[in-house]
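S.K.: Okay, here's the structure, questions in a sec.
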Amino acid sequence: MDRKGRTDMLQTTISKPLLRQAAEELVKELPFPIFHNLIQKGRDLSRNGLVYNVMVINSHEVEGVVSDITPHDVMLDLSNVTRRHRCPCGTEGLCPHVLALFFYIYGNVFDVGELFRLWKKGQIGALWKESAVHEPKTPAPKRAGKTAGLSITANETVEDWRGQFEKQYEDFFSRHQNGQNWPYRLAFQLLPKLGKNEGKQAGARPLRELHAALFLLEKLRQYGEAQGWNDVVFASYGQFSWQQDVNYVADRAFDALEKLSTQSLPRSLNALIEQTIPYVRDVLFLDGGLSSFGYDFYTTAWESLFTKPTWRQEERAELLRLAKDRDDIRAAMAAAHLSFLLGEDDEAMALYRAFPDQAGLFLIEWIGRFITNGLVKRFESVWEKAKDDWPLYLSHIPAPIRSRFLDEAAHWFEMYARQRNRSDAWEDFLQRSLPYSVNEYTNFLYRQGRYREVVDLFLWANITADELHPQLLKTLQARGTDLVMPLYHRTVIKLLNEKNRSSYQRAVRHLKTMRAHYRSMKRFDQWEAYLEQLLAKTARLRAFHEELKKGKLLP
């Protein structure tokens with residue numbers, strides 16, 4: 001079922017009073033100041049398109065899949081959402097995956113942005129009052145030649161809007177700024193005013209709201225830059241207030257995009273939409289704390305709002321020009337994103353090869369999309385072109401996030417291998433991901449009973465017997481004592497190279513184990529030859545020889 005079908009299903013099947021009741025329960029159960037991280041993550045999962053396969057079981061029970069590194073099959077009961085829900089993530093109580101499904105349901109029936117705003121204030125009751133106040137009414141007759149507020153022509157442009165925004169901003173700022181302090185909650189008061197004058201073009205309100213958010217976000221950025229503020233250390237309450245405004249306006253920009261993507265826009269808006277493109281492009285190049293928002297917002301806009309192939313082709317050409325002139329990686333990665341949207345995968349892969357230090361993070365997003373959406377042939381074609389460069393891409397992933405990134409990549413490849421019965425493809429991925437995939441590859445080989453290859457992998461990765469879980473070492477030994485002997489030899493060498501008394505003592509303990517193993521295999525002559533060579537190589541390590549005598553390995 002496509003998105004429109006799911007929206008229609010939710011709007012016609014879900015009880016609106018029940019949905020409102022569920023929202024009230026959640027706001028009471030999860031006060032925003034305490035649970036803001038949980039609530040924000042749930043909303044981000046929903047807003048980023050990670051909720052799918054939503055099915056209404058009956059009038060109050062809904063199921064869906066929430067993808068958060070791995071997919072979660074989530075269920076919630078709107079009649080008692082705080083107590084009746086199910087998610088396999090293991091979190092006690094409400095988790096972000098349950099909230100993500102709720103936000104998805106709510107957003108297809110009501111305005112989720114308004115809910116989120118009032119949740120922050122703890123004023124859920126105000127939502128229903130405002131809904132009642134804003135019920136459509138018959139407009140009062142207007143006097144000829146006048147409008148309520150600024151005059152707008154039928155042929156309004158985005159520049160007209162921006163001019164109006166500038167006047168309203170300057171007026172507000174001059175009236176509310178107190179010395180050098182940032183006006184408290186400017187965004188909460190000014191943003192609704194910027195977006196409310198719809199003009200004469202039918203359906204233009206959501207687009208105007210989008211521009212209002214982008215306009216104010218740029219003003220906020222400029223002000224913060226002039227003050228030397230950043231988003232990490234708050235030097236004053238004014239800076240804290242400013243940062244809250246930045247976060248709020250960024251959220252409203254995404255809300256406006258979401259609203260535009262769910263509405264059937266009239267063709268008469270095409271000119272205004274096309275005029276919006278350069279303003280959205282400016283967002284792509286935001287720096288600092290807004291850089292991540294800029295890329296996410298830009299790509300979301302090109303997926304949901306700017307859908308004409310000609311627009312995408314022209315934009316890609318402009319991004320390629322910028323990437324070349326500025327040597328800008330963001331422009332190149334965004335151009336690759338547009339190439340994928342256009343179905344021109346070869347062009348996208350060429351850009352990834354040209355910028356390998358960023359490619360991995362963006363490539364895995366598309367691999368996940370292809371596998372999730374059943375586009376198997378497309379995935380296989382892309383991976384065939386990427387696999388030789390994959391080790392290079394992986395090495396450029398920052399160390400703090402590499403493990404999480406590889407977990408996500410492994411999830412998609414294992415899903416593909418399981419669906420297509422392609423264990424060879426799964427193993428090829430694990431091999432190309434070494435050394436970062438040692439643990440996953442070890443599990444794969446062990447499950448297949450390829451124990452000698454497990455030991456070879458440990459030796460390749462310079463893993464010693466000391467570093468293995470004792471139970472794993474014992475299990476491998478049970479498959480053949482000769483299997484584990486190379487690991488003990490490697491361990492002794494490593495400990496001797498550390499050249500301290502404690503390491504020598506540990507080395508002696510391993511040597512005594514090795515002597516017992518050689519005796520059990522009836523190869524004691526090999527042990528004696530090995531020990532003789534070891535003594536000769538360590539003749540100058542007096543402390544080690546003392547420990548050998550204490551361990552009764554020397555007379």
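Residue numbering restarts at 1 in every chain; chains get A, B, ... in the order shown in the structure tokens, and ligands count up from 1 in that same order.
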Write out as a ChimeraX atom specification the residues lying within 10 Å of stretch 77-90 of chain A, counting only C-alpha atoms and excluding same-chain residues fewer than 3 positions away.

M.R.: /A:14-15,18-23,25-26,28-30,57-63,65-66,68,70-74,93-99,102

S.K.: Identify all residues of stretch 176-411 of chain A in helix (DSSP H, G or I) (DSSP on the backbone) and supply them as a ChimeraX atom specification.

M.R.: /A:176,186-196,205-227,237-262,267-284,288-304,309-326,329-341,345-354,356-372,376-386,390-395,399-411

S.K.: May I ask which of the residues A:Asn373, A:Asn462, A:Thr491, A:Ser291 is the closest one to A:Tyr52, counting only C-alpha atoms?

M.R.: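 Of the candidates, the smallest distance to A:Tyr52 is held by A:Asn373.
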
S.K.: Which residues come within 8 Å of stretch 444-447 of chain A, counting only C-alpha atoms, excluding same-chain residues fewer than 6 positions away, as a ChimeraX atom specification?

M.R.: /A:427,453-454

S.K.: Within 9 Å of stretch 256-259 of chain A, counting only C-alpha atoms, which residues show up once you throw out same-chain ones fewer than 4 positions away? Write them as a CSV table (one decimal) with N, CA and C atoms, in the first residue's frame, please.

M.R.:
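Now in result.csv:
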```csv
chain,number,residue,atom,x,y,z
A,47,ARG,N,9.8,11.1,11.5
A,47,ARG,CA,10.0,12.2,10.5
A,47,ARG,C,11.0,11.8,9.5
A,111,ASP,N,-2.1,17.5,13.1
A,111,ASP,CA,-0.8,18.2,12.9
A,111,ASP,C,0.1,17.8,14.0
A,113,GLY,N,3.3,18.6,14.3
A,113,GLY,CA,4.1,19.7,14.7
A,113,GLY,C,3.5,20.5,15.9
A,206,PRO,N,1.3,26.4,3.1
A,206,PRO,CA,2.4,25.6,3.6
A,206,PRO,C,3.8,26.0,3.0
A,207,LEU,N,3.8,26.4,1.7
A,207,LEU,CA,5.0,26.8,1.1
A,207,LEU,C,5.5,28.1,1.8
A,208,ARG,N,4.6,29.0,2.1
A,208,ARG,CA,5.0,30.2,2.7
A,208,ARG,C,5.6,29.9,4.1
A,209,GLU,N,5.0,29.0,4.8
A,209,GLU,CA,5.5,28.6,6.1
A,209,GLU,C,6.9,28.0,6.0
A,210,LEU,N,7.1,27.3,5.0
A,210,LEU,CA,8.5,26.7,4.8
A,210,LEU,C,9.5,27.8,4.6
A,211,HIS,N,9.1,28.8,3.8
A,211,HIS,CA,10.0,30.0,3.6
A,211,HIS,C,10.2,30.8,4.8
A,213,ALA,N,10.2,29.7,7.9
A,213,ALA,CA,11.2,28.9,8.7
A,213,ALA,C,12.6,29.1,8.2
A,251,ASP,N,13.0,22.4,13.4
A,251,ASP,CA,11.9,21.4,13.5
A,251,ASP,C,10.7,21.9,12.6
A,252,ARG,N,10.4,23.2,12.7
A,252,ARG,CA,9.2,23.7,12.0
A,252,ARG,C,9.5,23.6,10.4
A,263,GLN,N,0.2,16.8,1.0
A,263,GLN,CA,-1.0,17.5,0.3
A,263,GLN,C,-0.8,17.4,-1.2
A,297,PHE,N,17.8,18.1,5.5
A,297,PHE,CA,16.7,18.9,5.0
A,297,PHE,C,16.7,19.0,3.4
A,300,THR,N,15.7,15.7,1.8
A,300,THR,CA,14.3,15.4,2.0
A,300,THR,C,13.5,16.3,1.1
A,301,ALA,N,13.9,17.5,0.9
A,301,ALA,CA,13.1,18.4,0.0
A,301,ALA,C,13.1,17.9,-1.4
A,304,SER,N,10.7,14.9,-1.6
A,304,SER,CA,9.3,15.1,-1.4
A,304,SER,C,8.6,16.3,-2.1
A,305,LEU,N,9.4,17.3,-2.4
A,305,LEU,CA,8.9,18.6,-2.9
A,305,LEU,C,9.3,18.8,-4.4
```

S.K.: So what do you get for atom CA of A:Val109 versus atom CA of A:Lys16, distance-wise?

M.R.: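 Taking atom CA of A:Val109 as the start and atom CA of A:Lys16 as the end point, the length is 7.7 Å.
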
S.K.: Quick one: distance from atom CA of A:Ala354 to atom CA of A:Ile371 in Å, one decimal?

M.R.: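 Atom CA of A:Ile371 lies 24.6 Å from atom CA of A:Ala354.
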
S.K.: So that I can see what lies close to A:Arg479, please list as a PyMOL selection string the residues with an atom at most 10 Å from it, counting only C-alpha atoms and leaving out residues fewer than 3 positions away in the same chain.

M.R.: chain A and resi 449+451-452+474-476+482-484

S.K.: With N, CA, C and O atoms retained, could you export that selection as a PDB file, in the first residue's frame?

M.R.:
```
ATOM      1  N   GLY A 449      31.080 -24.491  11.295  1.00  0.00           N
ATOM      2  CA  GLY A 449      32.003 -25.550  11.691  1.00  0.00           C
ATOM      3  C   GLY A 449      33.375 -25.442  11.052  1.00  0.00           C
ATOM      4  O   GLY A 449      34.127 -26.425  11.016  1.00  0.00           O
ATOM      5  N   TYR A 451      36.392 -24.453  11.945  1.00  0.00           N
ATOM      6  CA  TYR A 451      37.148 -24.063  13.130  1.00  0.00           C
ATOM      7  C   TYR A 451      38.586 -23.678  12.801  1.00  0.00           C
ATOM      8  O   TYR A 451      39.146 -22.758  13.412  1.00  0.00           O
ATOM      9  N   ARG A 452      39.217 -24.384  11.872  1.00  0.00           N
ATOM     10  CA  ARG A 452      40.587 -24.030  11.525  1.00  0.00           C
ATOM     11  C   ARG A 452      40.649 -22.628  10.915  1.00  0.00           C
ATOM     12  O   ARG A 452      41.603 -21.877  11.161  1.00  0.00           O
ATOM     13  N   LYS A 474      38.253 -23.098  25.037  1.00  0.00           N
ATOM     14  CA  LYS A 474      38.006 -24.489  25.455  1.00  0.00           C
ATOM     15  C   LYS A 474      37.251 -25.246  24.374  1.00  0.00           C
ATOM     16  O   LYS A 474      37.554 -26.418  24.079  1.00  0.00           O
ATOM     17  N   THR A 475      36.267 -24.569  23.746  1.00  0.00           N
ATOM     18  CA  THR A 475      35.470 -25.218  22.687  1.00  0.00           C
ATOM     19  C   THR A 475      36.343 -25.542  21.480  1.00  0.00           C
ATOM     20  O   THR A 475      36.240 -26.619  20.889  1.00  0.00           O
ATOM     21  N   LEU A 476      37.202 -24.590  21.092  1.00  0.00           N
ATOM     22  CA  LEU A 476      38.102 -24.839  19.967  1.00  0.00           C
ATOM     23  C   LEU A 476      39.066 -25.979  20.279  1.00  0.00           C
ATOM     24  O   LEU A 476      39.355 -26.824  19.422  1.00  0.00           O
ATOM     25  N   ASP A 482      45.577 -29.477  18.545  1.00  0.00           N
ATOM     26  CA  ASP A 482      46.538 -28.860  17.629  1.00  0.00           C
ATOM     27  C   ASP A 482      46.008 -27.562  17.036  1.00  0.00           C
ATOM     28  O   ASP A 482      46.786 -26.720  16.574  1.00  0.00           O
ATOM     29  N   LEU A 483      44.664 -27.391  17.053  1.00  0.00           N
ATOM     30  CA  LEU A 483      44.074 -26.161  16.521  1.00  0.00           C
ATOM     31  C   LEU A 483      44.552 -24.931  17.288  1.00  0.00           C
ATOM     32  O   LEU A 483      44.833 -23.887  16.695  1.00  0.00           O
ATOM     33  N   VAL A 484      44.585 -25.061  18.621  1.00  0.00           N
ATOM     34  CA  VAL A 484      44.811 -23.875  19.440  1.00  0.00           C
ATOM     35  C   VAL A 484      46.289 -23.622  19.723  1.00  0.00           C
ATOM     36  O   VAL A 484      46.643 -22.562  20.249  1.00  0.00           O
TER      37      VAL A 484
END
```

S.K.: In terms of the shortest atom-to-atom distance over only C-alpha atoms, which of A:Phe379, A:Phe285, A:Phe110, A:Phe355 is closest to A:Gly343?

M.R.: A:Phe379

S.K.: Using only C-alpha atoms, determine which residues lie at most 12 Å from stretch 400-408 of chain A, disregarding the query and same-chain residues fewer than 2 positions distant; provide the list as JSON, numbers by chain.

M.R.: {"A": [67, 68, 69, 70, 71, 360, 361, 362, 363, 364, 365, 367, 368, 390, 391, 393, 394, 395, 396, 397, 398, 410, 411, 412, 413, 414, 415, 429, 430, 432, 433, 434, 435, 436, 437, 438, 439, 440]}

S.K.: Of the residues A:Leu342, A:Leu496, A:Ile39, A:Leu45, which is the one nearest to A:Thr307, using only C-alpha atoms?

M.R.: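 Residue with the minimum atom-to-atom distance to A:Thr307: A:Leu342.
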
S.K.: Given only C-alpha atoms as the basis, pick out the residue of A:Arg369, A:Arg353, A:His510, A:Lys324 nearest to A:Asp388.

M.R.: A:Arg353

S.K.: Counting only C-alpha atoms, figure out which residue out of A:Arg205, A:Arg523, A:Arg43, A:Arg281 gets nearest to A:Leu265.

M.R.: A:Arg205
